[in-house]
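Trainee: Below: one structure in structure tokens.
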Amino acid sequence: MTDRQHQLIDLIGNTPLVRLNAASEATGCEILGKAEFMNPGGSVKDRAALGMILAARESGRLAPGDVIVEGTAGNTGIGLAMVGSALGHRTVIVMPENQSREKIDTLKAYGAELRLIPAVPYKNPEHFVHTSGRLAGELGGFWANQFENTDNRAFHEVTTGPEIWEQTEGRVDGFICAVGTGGTLGGVARALKSRQPDVRIGLADPEGSGLHNYFAEGEIRIVGSSISEGIGNSRITANFADTPVDVSYQIPDTEAIPLVYEMIGREGLVLGGSSGINVAGAMRLARELGPGHTIVTILCDSGIRYQERLFNREFLESKGLSLPAWYGKQA
């Protein structure tokens with residue numbers, strides 16, 4: 001294979017940084033988004049999928065032809081199905097049935113075998129994570145176990161974090177993002193802190209997640225809810241444990257979702273709700289640090305995967321949100 005030819009998996013990572021002009025102008029800082037939606041599977045979770053699969057193949061936990069099983073809210077499943085297919089593995093995904101139709105259809109398009117089950121709290125043995133673990137045992141397959149499998153975090157530590165450092169030429173004052181498994185924030189934080197101990201690491205937590213209160217009050221306490229999918233947690237995962245978090249913010253949808261629309265109207269970026277949470281967190285961190293600093297966050301995935309929610313006027317109004325006045329105007 002020549003330098004101009006690549007396997008699909010070689011296209012994961014090395015995503016560019018995008019300057020968010022509106023957020024930068026509003027804060028007097030350089031706010032940069034890591035364009036993870038440009039990964040071939042369309043999200044930051046392509047990295048976790050690739051990292052876990054490569055580590056499992058190297059260790060012998062995943063043999064040629066073995067099935068991959070995972071419980072996921074969507075994007076990790078898409079990444080696993082894509083990478084799995086590229087490397088010769090069938091993928092079975094267990095997912096709560098309350099996830100977006102777009103993600104369900106995308107998983108099917110990638111050839112994943114999908115098991116949709118009722119959404120229940122993590123402590124319930126029928127939760128999608130526990131169900132996927134049992135299913136992996138029944139099928140004799142590899143359970144990716146993205147929340148507790150620290151190969152997820154390790155891959156971000158050796159790819160995402162160093163990329164940010166190099167792309168900013170070491171001039172990064174803060175990094176912040178939301179947490180689902182904790183792999184992205186855990187890995188990037190370790191990579192950046194090892195190079196510059198003074199870099200500020202932040203958590204942007206949606207309402208409905210208990211992680212902000214863990215840092216603010218010392219206990220996990222859940223308040224409110226969010227229309228964003230795939231982020232937030234009610235426990236400290238192995239990937240998130242011991243992550244050096246300097247500051248934590250709880251971001252309501254009323255702050256994050258308008259930023260999603262602003263990025264469409266002013267930046268030409270159509271992103272999901274988690275990116276709105278992340279950018280809101282980056283703006284808060286920028287204001288805390290003051291003008292002249294460089295803040296990096298994650299632009300996780302495309303808003304096209306969430307059309308039923310993000311662009312549904314009736315649904316949004318039921319949640320106390322609204323579409324911008326310019327949306328849907330006819331010429």
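In the structure tokens, chains take letters A, B, ... by order of appearance, with residues numbered from 1 within each chain and ligands from 1 in the order shown.
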Neighbours of region 63-68 of chain A within 9 Å (only C-alpha atoms; same-chain residues fewer than 5 positions away dropped), as a list in words?
Mentor: Ile53, Ala56, Arg57, Leu80, Ala81, Gly84, Leu87, Gly88, His89, Arg90, Thr91, Val92, Ile93, Ala136, Leu139, Gly140, Gly141, Phe142, Trp143 and Ala144 of chain A
Trainee: For region 10-12 of chain A, list every protein, DNA or RNA residue within 7 Å, evaluated using only C-alpha atoms, and leave out those in the same chain fewer than 4 positions away; present the list as a PyMOL selection string.
Mentor: chain A and resi 6+39-40+46-47
Trainee: Give me the residues of region 48-157 of chain A that have any atom at most 10 Å from an atom of region 167-186 of chain A; for each, the nearest atom pair and the distance in Å, rounded to one decimal. Use only C-alpha atoms, sort by chain and number, and format it as a Markdown table.
Mentor:
| residue | atom | partner | partner_atom | distance |
| --- | --- | --- | --- | --- |
| A:Ala48 | CA | A:Gly183 | CA | 7.5 |
| A:Ala73 | CA | A:Gly180 | CA | 9.8 |
| A:Asn145 | CA | A:Thr181 | CA | 9.7 |
| A:Gln146 | CA | A:Thr181 | CA | 6.6 |
| A:Phe147 | CA | A:Thr181 | CA | 4.5 |
| A:Glu148 | CA | A:Thr181 | CA | 7.7 |
| A:Asn149 | CA | A:Gly183 | CA | 9.0 |
| A:Thr150 | CA | A:Gly183 | CA | 7.4 |
| A:Asp151 | CA | A:Gly183 | CA | 8.5 |
| A:Asn152 | CA | A:Gly183 | CA | 5.4 |
| A:Arg153 | CA | A:Gly183 | CA | 4.0 |
| A:Ala154 | CA | A:Gly183 | CA | 7.7 |
| A:Phe155 | CA | A:Gly183 | CA | 8.4 |
| A:His156 | CA | A:Thr184 | CA | 5.8 |
| A:Glu157 | CA | A:Gly186 | CA | 7.8 |
Trainee: Now that the selection is made, can you save its residues with N, CA and C atoms as a short mmCIF file (atom, residue, chain, number, x, y, z; two decimals), in the first residue's frame?
Mentor:
data_model
loop_
_atom_site.label_atom_id
_atom_site.label_comp_id
_atom_site.auth_asym_id
_atom_site.auth_seq_id
_atom_site.Cartn_x
_atom_site.Cartn_y
_atom_site.Cartn_z
N ALA A 48 -12.75 5.65 20.12
CA ALA A 48 -12.91 4.65 21.18
C ALA A 48 -13.07 3.26 20.57
N ALA A 73 -25.49 3.96 23.48
CA ALA A 73 -26.57 4.87 23.10
C ALA A 73 -26.48 5.25 21.63
N ASN A 145 -17.45 -3.12 26.25
CA ASN A 145 -17.56 -2.57 27.60
C ASN A 145 -16.93 -1.17 27.69
N GLN A 146 -17.38 -0.28 26.81
CA GLN A 146 -16.75 1.02 26.63
C GLN A 146 -16.63 1.87 27.89
N PHE A 147 -17.55 1.70 28.84
CA PHE A 147 -17.51 2.52 30.04
C PHE A 147 -16.36 2.13 30.97
N GLU A 148 -16.08 0.85 31.07
CA GLU A 148 -15.06 0.37 32.00
C GLU A 148 -13.77 -0.08 31.31
N ASN A 149 -13.79 -0.18 30.02
CA ASN A 149 -12.61 -0.62 29.26
C ASN A 149 -11.69 0.58 29.04
N THR A 150 -10.59 0.64 29.78
CA THR A 150 -9.72 1.82 29.72
C THR A 150 -8.85 1.88 28.45
N ASP A 151 -8.99 0.90 27.56
CA ASP A 151 -8.37 1.04 26.23
C ASP A 151 -9.03 2.21 25.49
N ASN A 152 -10.25 2.53 25.85
CA ASN A 152 -10.97 3.70 25.33
C ASN A 152 -10.18 4.97 25.69
N ARG A 153 -9.96 5.18 26.97
CA ARG A 153 -9.23 6.36 27.44
C ARG A 153 -7.80 6.39 26.91
N ALA A 154 -7.16 5.25 26.91
CA ALA A 154 -5.76 5.18 26.49
C ALA A 154 -5.59 5.63 25.04
N PHE A 155 -6.57 5.31 24.19
CA PHE A 155 -6.45 5.70 22.79
C PHE A 155 -6.54 7.21 22.63
N HIS A 156 -7.40 7.84 23.43
CA HIS A 156 -7.47 9.31 23.41
C HIS A 156 -6.18 9.93 23.96
N GLU A 157 -5.57 9.26 24.92
CA GLU A 157 -4.34 9.79 25.51
C GLU A 157 -3.20 9.78 24.49
#
Trainee: Mind listing the alpha helix (DSSP H) residues of region 103-286 of chain A, per DSSP on the backbone, as a PyMOL selection string?
Mentor: chain A and resi 103-109+128-139+151-158+160-167+183-195+211-217+253-262+273-286
Trainee: Env of Leu8 (chain A): 9 Å cut, atoms = only C-alpha atoms, seq-sep filter 6 positions within chain, self excluded. Answer as a short mmCIF file (atom, residue, chain, number, x, y, z; two decimals) with C-alpha atoms, in the first residue's frame.
Mentor:
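Contents of out-v9.cif, freshly written:
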data_model
loop_
_atom_site.label_atom_id
_atom_site.label_comp_id
_atom_site.auth_asym_id
_atom_site.auth_seq_id
_atom_site.Cartn_x
_atom_site.Cartn_y
_atom_site.Cartn_z
CA PRO A 40 -15.41 8.30 8.82
CA MET A 82 -17.74 0.28 10.99
CA VAL A 83 -14.34 -0.77 12.35
CA ALA A 86 -13.43 -3.28 8.09
#
Trainee: Neighbours of region 318-330 of chain A within 8 Å (only C-alpha atoms; same-chain residues fewer than 4 positions away dropped), as an NGL selection string?
Mentor: :A and (253-254 or 257-258 or 261 or 311 or 313-314)
Trainee: Could the residues in this selection be saved with N, CA and C atoms as a short mmCIF file (atom, residue, chain, number, x, y, z; two decimals), in the first residue's frame?
Mentor:
data_model
loop_
_atom_site.label_atom_id
_atom_site.label_comp_id
_atom_site.auth_asym_id
_atom_site.auth_seq_id
_atom_site.Cartn_x
_atom_site.Cartn_y
_atom_site.Cartn_z
N ASP A 253 -29.99 22.94 28.90
CA ASP A 253 -30.30 22.97 27.47
C ASP A 253 -30.61 24.38 26.99
N THR A 254 -31.19 25.21 27.86
CA THR A 254 -31.53 26.57 27.46
C THR A 254 -30.29 27.40 27.13
N ILE A 257 -28.52 24.57 23.61
CA ILE A 257 -29.20 24.36 22.33
C ILE A 257 -29.20 25.62 21.47
N PRO A 258 -29.38 26.82 22.03
CA PRO A 258 -29.24 28.01 21.17
C PRO A 258 -27.86 28.12 20.51
N TYR A 261 -27.83 26.19 17.27
CA TYR A 261 -28.41 26.94 16.17
C TYR A 261 -27.50 28.09 15.74
N PHE A 311 -34.71 19.69 15.41
CA PHE A 311 -35.41 20.50 14.43
C PHE A 311 -36.91 20.23 14.44
N ARG A 313 -40.13 21.47 16.06
CA ARG A 313 -40.64 22.63 16.81
C ARG A 313 -41.53 22.21 17.98
N GLU A 314 -42.42 21.27 17.73
CA GLU A 314 -43.35 20.83 18.78
C GLU A 314 -42.61 20.18 19.93
#
Trainee: Could you state the separation of CA of Val44 (chain A) and CA of Gly273 (chain A) in Å, given to one decimal place?
Mentor: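 A separation of 13.8 Å between them.
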Trainee: For Asp105 (chain A), work out the shell of residues within 12 Å, counting only C-alpha atoms and skipping chain neighbours fewer than 4 positions away, then give it as a PyMOL selection string.
Mentor: chain A and resi 74-75+77-78+99-101+109-114+305-306
Trainee: Which one of A:Thr243, A:Ser274, A:Thr106, A:Ser43 sits closest to Ile227 (chain A) if you count only C-alpha atoms?
Mentor: A:Ser274
Trainee: Once DSSP has gone over the backbone, tell me which residues of region 104-143 of chain A are in strand (DSSP E or B), as a ChimeraX atom specification.
Mentor: /A:113-117,142-143
Trainee: If we count only C-alpha atoms, what is near Gln250 (chain A) at a cut-off of 8 Å, once residues fewer than 4 positions away on the same chain are taken out, given as a PyMOL selection string?
Mentor: chain A and resi 204-207+212
Trainee: Residues of the last selection are to be written out with N, CA and C atoms, as a PDB file, in the first residue's frame.
Mentor:
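The file below, result.pdb, is the result:
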ATOM      1  N   ALA A 204     -18.028  19.764  31.263  1.00  0.00           N
ATOM      2  CA  ALA A 204     -19.301  20.385  30.900  1.00  0.00           C
ATOM      3  C   ALA A 204     -20.370  19.305  31.026  1.00  0.00           C
ATOM      4  N   ASP A 205     -21.211  19.414  32.027  1.00  0.00           N
ATOM      5  CA  ASP A 205     -22.152  18.339  32.346  1.00  0.00           C
ATOM      6  C   ASP A 205     -23.582  18.786  32.058  1.00  0.00           C
ATOM      7  N   PRO A 206     -24.341  18.001  31.295  1.00  0.00           N
ATOM      8  CA  PRO A 206     -25.736  18.376  31.043  1.00  0.00           C
ATOM      9  C   PRO A 206     -26.591  18.152  32.282  1.00  0.00           C
ATOM     10  N   GLU A 207     -27.711  18.841  32.350  1.00  0.00           N
ATOM     11  CA  GLU A 207     -28.680  18.516  33.395  1.00  0.00           C
ATOM     12  C   GLU A 207     -29.177  17.090  33.162  1.00  0.00           C
ATOM     13  N   HIS A 212     -21.475  16.722  37.646  1.00  0.00           N
ATOM     14  CA  HIS A 212     -21.146  18.064  38.133  1.00  0.00           C
ATOM     15  C   HIS A 212     -21.290  18.136  39.647  1.00  0.00           C
TER      16      HIS A 212
END
Trainee: Which of these, A:Ala286, A:Val296, A:Glu267, A:Arg235, has the shortest distance to Lys123 (chain A) once you count only C-alpha atoms?
Mentor: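 Counting only C-alpha atoms, the residue closest to Lys123 (chain A) is A:Arg235.
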